[in-house]
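Chemist: Sharing a structure below in structure tokens format, with a few things to ask.
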Amino acid sequence: MMRFWLTGIVILLFLSSSNAQKFGYVDTEFITSKMPEYAKVQQQIDQNTKTWLNDVEKKKQELEKLEKEFKLEELLLTEDLKQQRLAAIQLKSKELKAFENQVFGPEGDLFKLKQTAYKSILDQISKAIEKVVRTKRLDFIFDKANDGLVLLYTNPIHDYSDYVLEELGVELDPNLAEKTKKEEAQEQKSPKKN
């Protein structure tokens, strides 16, 4: 929600500035839907995901089978055998969770597969956006495919981060601070135009 408000404020600030800046947007979902490479990559990812889901399902069935057998035989087992069976069930359960995390976790196999598979496509899109920005002389490009707008490109001349850090009293990199002082000194020396 905060990202949405910040994006809105940034857009309003740019629209209200006296400099005529050019904005544009793209829809990466639409773009990728038209790329044959993307369809092939998506098919590969879907195929691997289906295989992994089948493996998870098999492991779940094995665990359920052990649990059912234990419940059926529980009354007939000695205390040592009960503990052994419970330990085997817990081990299977841990193996299942570890496998699910290994494949579907935040840094899992699926994440890594998507990252490597989509990299070349995203690089192509990024290069195409850079060419469009140069030919159309745009200052900002947004992606409307995500919730809200995501900034894909900004012209570096519109980066005022150093000035904000200065206003906050945060020390800049010594090289940047020296450069900023020189720029300010030049601005004060040069006569202002009306």
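Following the order of the structure tokens, first chain is A, next is B, and so on, with residues numbered from 1 inside each chain and ligands from 1 in the order they appear.
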For the structure I just gave you, how does DSSP split range 80-164 of chain A - specifically, which residues are strand (DSSP E or B)? Reply as a ChimeraX atom specification.

Modeler: /A:140-143,150-154

Chemist: Please produce an output containing C-alpha atoms for each residue in the selection, written as a PDB file, in the first residue's frame.

Modeler:
ATOM      1  CA  PHE A 140      10.630   7.139 -17.162  1.00  0.00           C
ATOM      2  CA  ILE A 141       9.136   3.757 -18.080  1.00  0.00           C
ATOM      3  CA  PHE A 142       6.604   2.002 -15.861  1.00  0.00           C
ATOM      4  CA  ASP A 143       5.342  -1.570 -15.991  1.00  0.00           C
ATOM      5  CA  VAL A 150       6.589  -0.554 -11.170  1.00  0.00           C
ATOM      6  CA  LEU A 151       9.339   1.738 -12.359  1.00  0.00           C
ATOM      7  CA  LEU A 152      11.489  -0.077 -14.944  1.00  0.00           C
ATOM      8  CA  TYR A 153      13.671   2.792 -16.123  1.00  0.00           C
ATOM      9  CA  THR A 154      14.601   6.249 -14.875  1.00  0.00           C
TER      10      THR A 154
END

Chemist: Got a sec to tell me which of range 10-80 of chain A DSSP assigns to helix (DSSP H, G or I), as a count of residues only?

Modeler: 56

Chemist: Would you list the contacts of range 28-33 of chain A as an MDAnalysis selection string, taking every protein, DNA or RNA residue within 12 Å and counting only C-alpha atoms, but skipping same-chain residues closer than 5 positions in sequence?

Modeler: chainID A and resid 38:42 118 120:122 124:126 128:129 141:147 149:150 152

Chemist: Let's have the selection written as a PDB file, in the first residue's frame, with N, CA and C atoms.

Modeler:
ATOM      1  N   TYR A  38       9.104 -17.424 -24.357  1.00  0.00           N
ATOM      2  CA  TYR A  38       8.457 -17.437 -23.048  1.00  0.00           C
ATOM      3  C   TYR A  38       7.524 -18.643 -22.922  1.00  0.00           C
ATOM      4  N   ALA A  39       6.790 -18.939 -23.974  1.00  0.00           N
ATOM      5  CA  ALA A  39       5.879 -20.092 -23.949  1.00  0.00           C
ATOM      6  C   ALA A  39       6.657 -21.389 -23.746  1.00  0.00           C
ATOM      7  N   LYS A  40       7.804 -21.511 -24.414  1.00  0.00           N
ATOM      8  CA  LYS A  40       8.628 -22.716 -24.261  1.00  0.00           C
ATOM      9  C   LYS A  40       9.154 -22.839 -22.827  1.00  0.00           C
ATOM     10  N   VAL A  41       9.629 -21.740 -22.289  1.00  0.00           N
ATOM     11  CA  VAL A  41      10.152 -21.746 -20.922  1.00  0.00           C
ATOM     12  C   VAL A  41       9.042 -22.080 -19.937  1.00  0.00           C
ATOM     13  N   GLN A  42       7.884 -21.484 -20.139  1.00  0.00           N
ATOM     14  CA  GLN A  42       6.754 -21.742 -19.243  1.00  0.00           C
ATOM     15  C   GLN A  42       6.334 -23.209 -19.303  1.00  0.00           C
ATOM     16  N   TYR A 118      14.018 -17.601 -17.015  1.00  0.00           N
ATOM     17  CA  TYR A 118      13.485 -16.307 -17.434  1.00  0.00           C
ATOM     18  C   TYR A 118      14.568 -15.258 -17.664  1.00  0.00           C
ATOM     19  N   SER A 120      17.194 -14.902 -19.682  1.00  0.00           N
ATOM     20  CA  SER A 120      17.464 -14.457 -21.058  1.00  0.00           C
ATOM     21  C   SER A 120      16.279 -13.661 -21.619  1.00  0.00           C
ATOM     22  N   ILE A 121      15.074 -14.071 -21.275  1.00  0.00           N
ATOM     23  CA  ILE A 121      13.888 -13.352 -21.755  1.00  0.00           C
ATOM     24  C   ILE A 121      13.833 -11.955 -21.146  1.00  0.00           C
ATOM     25  N   LEU A 122      14.080 -11.876 -19.845  1.00  0.00           N
ATOM     26  CA  LEU A 122      14.056 -10.568 -19.183  1.00  0.00           C
ATOM     27  C   LEU A 122      15.188  -9.675 -19.690  1.00  0.00           C
ATOM     28  N   GLN A 124      16.362  -9.743 -22.764  1.00  0.00           N
ATOM     29  CA  GLN A 124      15.899  -9.277 -24.078  1.00  0.00           C
ATOM     30  C   GLN A 124      14.921  -8.106 -23.921  1.00  0.00           C
ATOM     31  N   ILE A 125      13.978  -8.263 -22.998  1.00  0.00           N
ATOM     32  CA  ILE A 125      12.983  -7.199 -22.771  1.00  0.00           C
ATOM     33  C   ILE A 125      13.678  -5.937 -22.286  1.00  0.00           C
ATOM     34  N   SER A 126      14.618  -6.094 -21.367  1.00  0.00           N
ATOM     35  CA  SER A 126      15.340  -4.948 -20.822  1.00  0.00           C
ATOM     36  C   SER A 126      16.105  -4.200 -21.914  1.00  0.00           C
ATOM     37  N   ALA A 128      15.435  -4.197 -25.109  1.00  0.00           N
ATOM     38  CA  ALA A 128      14.446  -3.573 -25.988  1.00  0.00           C
ATOM     39  C   ALA A 128      13.897  -2.291 -25.356  1.00  0.00           C
ATOM     40  N   ILE A 129      13.659  -2.320 -24.051  1.00  0.00           N
ATOM     41  CA  ILE A 129      13.165  -1.125 -23.356  1.00  0.00           C
ATOM     42  C   ILE A 129      14.203  -0.006 -23.434  1.00  0.00           C
ATOM     43  N   ILE A 141       9.967   4.845 -17.541  1.00  0.00           N
ATOM     44  CA  ILE A 141       9.136   3.757 -18.080  1.00  0.00           C
ATOM     45  C   ILE A 141       8.582   2.986 -16.892  1.00  0.00           C
ATOM     46  N   PHE A 142       7.283   2.778 -16.895  1.00  0.00           N
ATOM     47  CA  PHE A 142       6.604   2.002 -15.861  1.00  0.00           C
ATOM     48  C   PHE A 142       6.109   0.692 -16.453  1.00  0.00           C
ATOM     49  N   ASP A 143       5.942  -0.299 -15.593  1.00  0.00           N
ATOM     50  CA  ASP A 143       5.342  -1.570 -15.991  1.00  0.00           C
ATOM     51  C   ASP A 143       3.966  -1.645 -15.353  1.00  0.00           C
ATOM     52  N   LYS A 144       2.932  -1.730 -16.165  1.00  0.00           N
ATOM     53  CA  LYS A 144       1.575  -1.765 -15.629  1.00  0.00           C
ATOM     54  C   LYS A 144       1.085  -3.184 -15.355  1.00  0.00           C
ATOM     55  N   ALA A 145       1.904  -4.195 -15.618  1.00  0.00           N
ATOM     56  CA  ALA A 145       1.473  -5.575 -15.445  1.00  0.00           C
ATOM     57  C   ALA A 145       1.323  -5.955 -13.975  1.00  0.00           C
ATOM     58  N   ASN A 146       2.084  -5.336 -13.105  1.00  0.00           N
ATOM     59  CA  ASN A 146       2.034  -5.670 -11.693  1.00  0.00           C
ATOM     60  C   ASN A 146       0.951  -4.866 -10.990  1.00  0.00           C
ATOM     61  N   ASP A 147       0.689  -5.205  -9.741  1.00  0.00           N
ATOM     62  CA  ASP A 147      -0.252  -4.420  -8.939  1.00  0.00           C
ATOM     63  C   ASP A 147       0.353  -3.038  -8.739  1.00  0.00           C
ATOM     64  N   LEU A 149       2.025   0.474 -10.278  1.00  0.00           N
ATOM     65  CA  LEU A 149       3.019   0.679 -11.324  1.00  0.00           C
ATOM     66  C   LEU A 149       4.399   0.395 -10.762  1.00  0.00           C
ATOM     67  N   VAL A 150       5.217  -0.274 -11.558  1.00  0.00           N
ATOM     68  CA  VAL A 150       6.589  -0.554 -11.170  1.00  0.00           C
ATOM     69  C   VAL A 150       7.488   0.216 -12.126  1.00  0.00           C
ATOM     70  N   LEU A 152      10.498   0.767 -14.268  1.00  0.00           N
ATOM     71  CA  LEU A 152      11.489  -0.077 -14.944  1.00  0.00           C
ATOM     72  C   LEU A 152      12.733   0.710 -15.349  1.00  0.00           C
TER      73      LEU A 152
END

Chemist: Could you work out how far CA of Phe70 in chain A lies from CA of Asp55 in chain A, giving the answer in Å with one decimal?

Modeler: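 Between these atoms lies a distance of 22.9 Å.
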
Chemist: Name the closest residue to Pro156 in chain A among the candidates A:Val170, A:Ala87, A:Leu138, A:Leu76; distances are taken between atoms, counting only C-alpha atoms.

Modeler: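 Between A:Val170, A:Ala87, A:Leu138, A:Leu76, the residue approaching Pro156 in chain A most closely is A:Leu138.
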
Chemist: Residues near Glu67 in chain A, anyone? I mean within 9 Å using only C-alpha atoms, not counting same-chain ones fewer than 6 positions away, as a list of chain:residue names.

Modeler: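 The residues satisfying every condition are A:Arg85, A:Leu86, A:Ile89.
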
Chemist: I need the residues from that last selection saved to file as a PDB file, in the first residue's frame (with N, CA, C and O atoms), if you can.

Modeler:
ATOM      1  N   ARG A  85       8.066 -47.331  15.217  1.00  0.00           N
ATOM      2  CA  ARG A  85       7.140 -46.940  14.134  1.00  0.00           C
ATOM      3  C   ARG A  85       6.889 -45.424  14.153  1.00  0.00           C
ATOM      4  O   ARG A  85       6.845 -44.794  13.105  1.00  0.00           O
ATOM      5  N   LEU A  86       6.708 -44.866  15.355  1.00  0.00           N
ATOM      6  CA  LEU A  86       6.501 -43.414  15.454  1.00  0.00           C
ATOM      7  C   LEU A  86       7.734 -42.654  14.955  1.00  0.00           C
ATOM      8  O   LEU A  86       7.600 -41.631  14.285  1.00  0.00           O
ATOM      9  N   ILE A  89       7.670 -42.753  11.232  1.00  0.00           N
ATOM     10  CA  ILE A  89       6.662 -41.814  10.721  1.00  0.00           C
ATOM     11  C   ILE A  89       7.189 -40.382  10.793  1.00  0.00           C
ATOM     12  O   ILE A  89       7.045 -39.603   9.843  1.00  0.00           O
TER      13      ILE A  89
END

Chemist: Nearest to Thr51 in chain A among A:Leu66, A:Val164, A:Leu110, A:Ile157, with distances taken over only C-alpha atoms: which residue is it?

Modeler: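 Answer, going by the shortest atom-to-atom distance: A:Leu110.
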
Chemist: So the first atom is CA of Asp109 in chain A and the second is CA of Glu37 in chain A; what is the distance between them in Å, to one decimal place?

Modeler: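 According to the coordinates, CA of Asp109 in chain A and CA of Glu37 in chain A are separated by 20.8 Å.
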
Chemist: Which residue gives the smallest distance to Lys82 in chain A among A:Ser161, A:Asp139, A:Leu168, A:Glu69, with only C-alpha atoms counted?

Modeler: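 Answer, going by the shortest atom-to-atom distance: A:Glu69.
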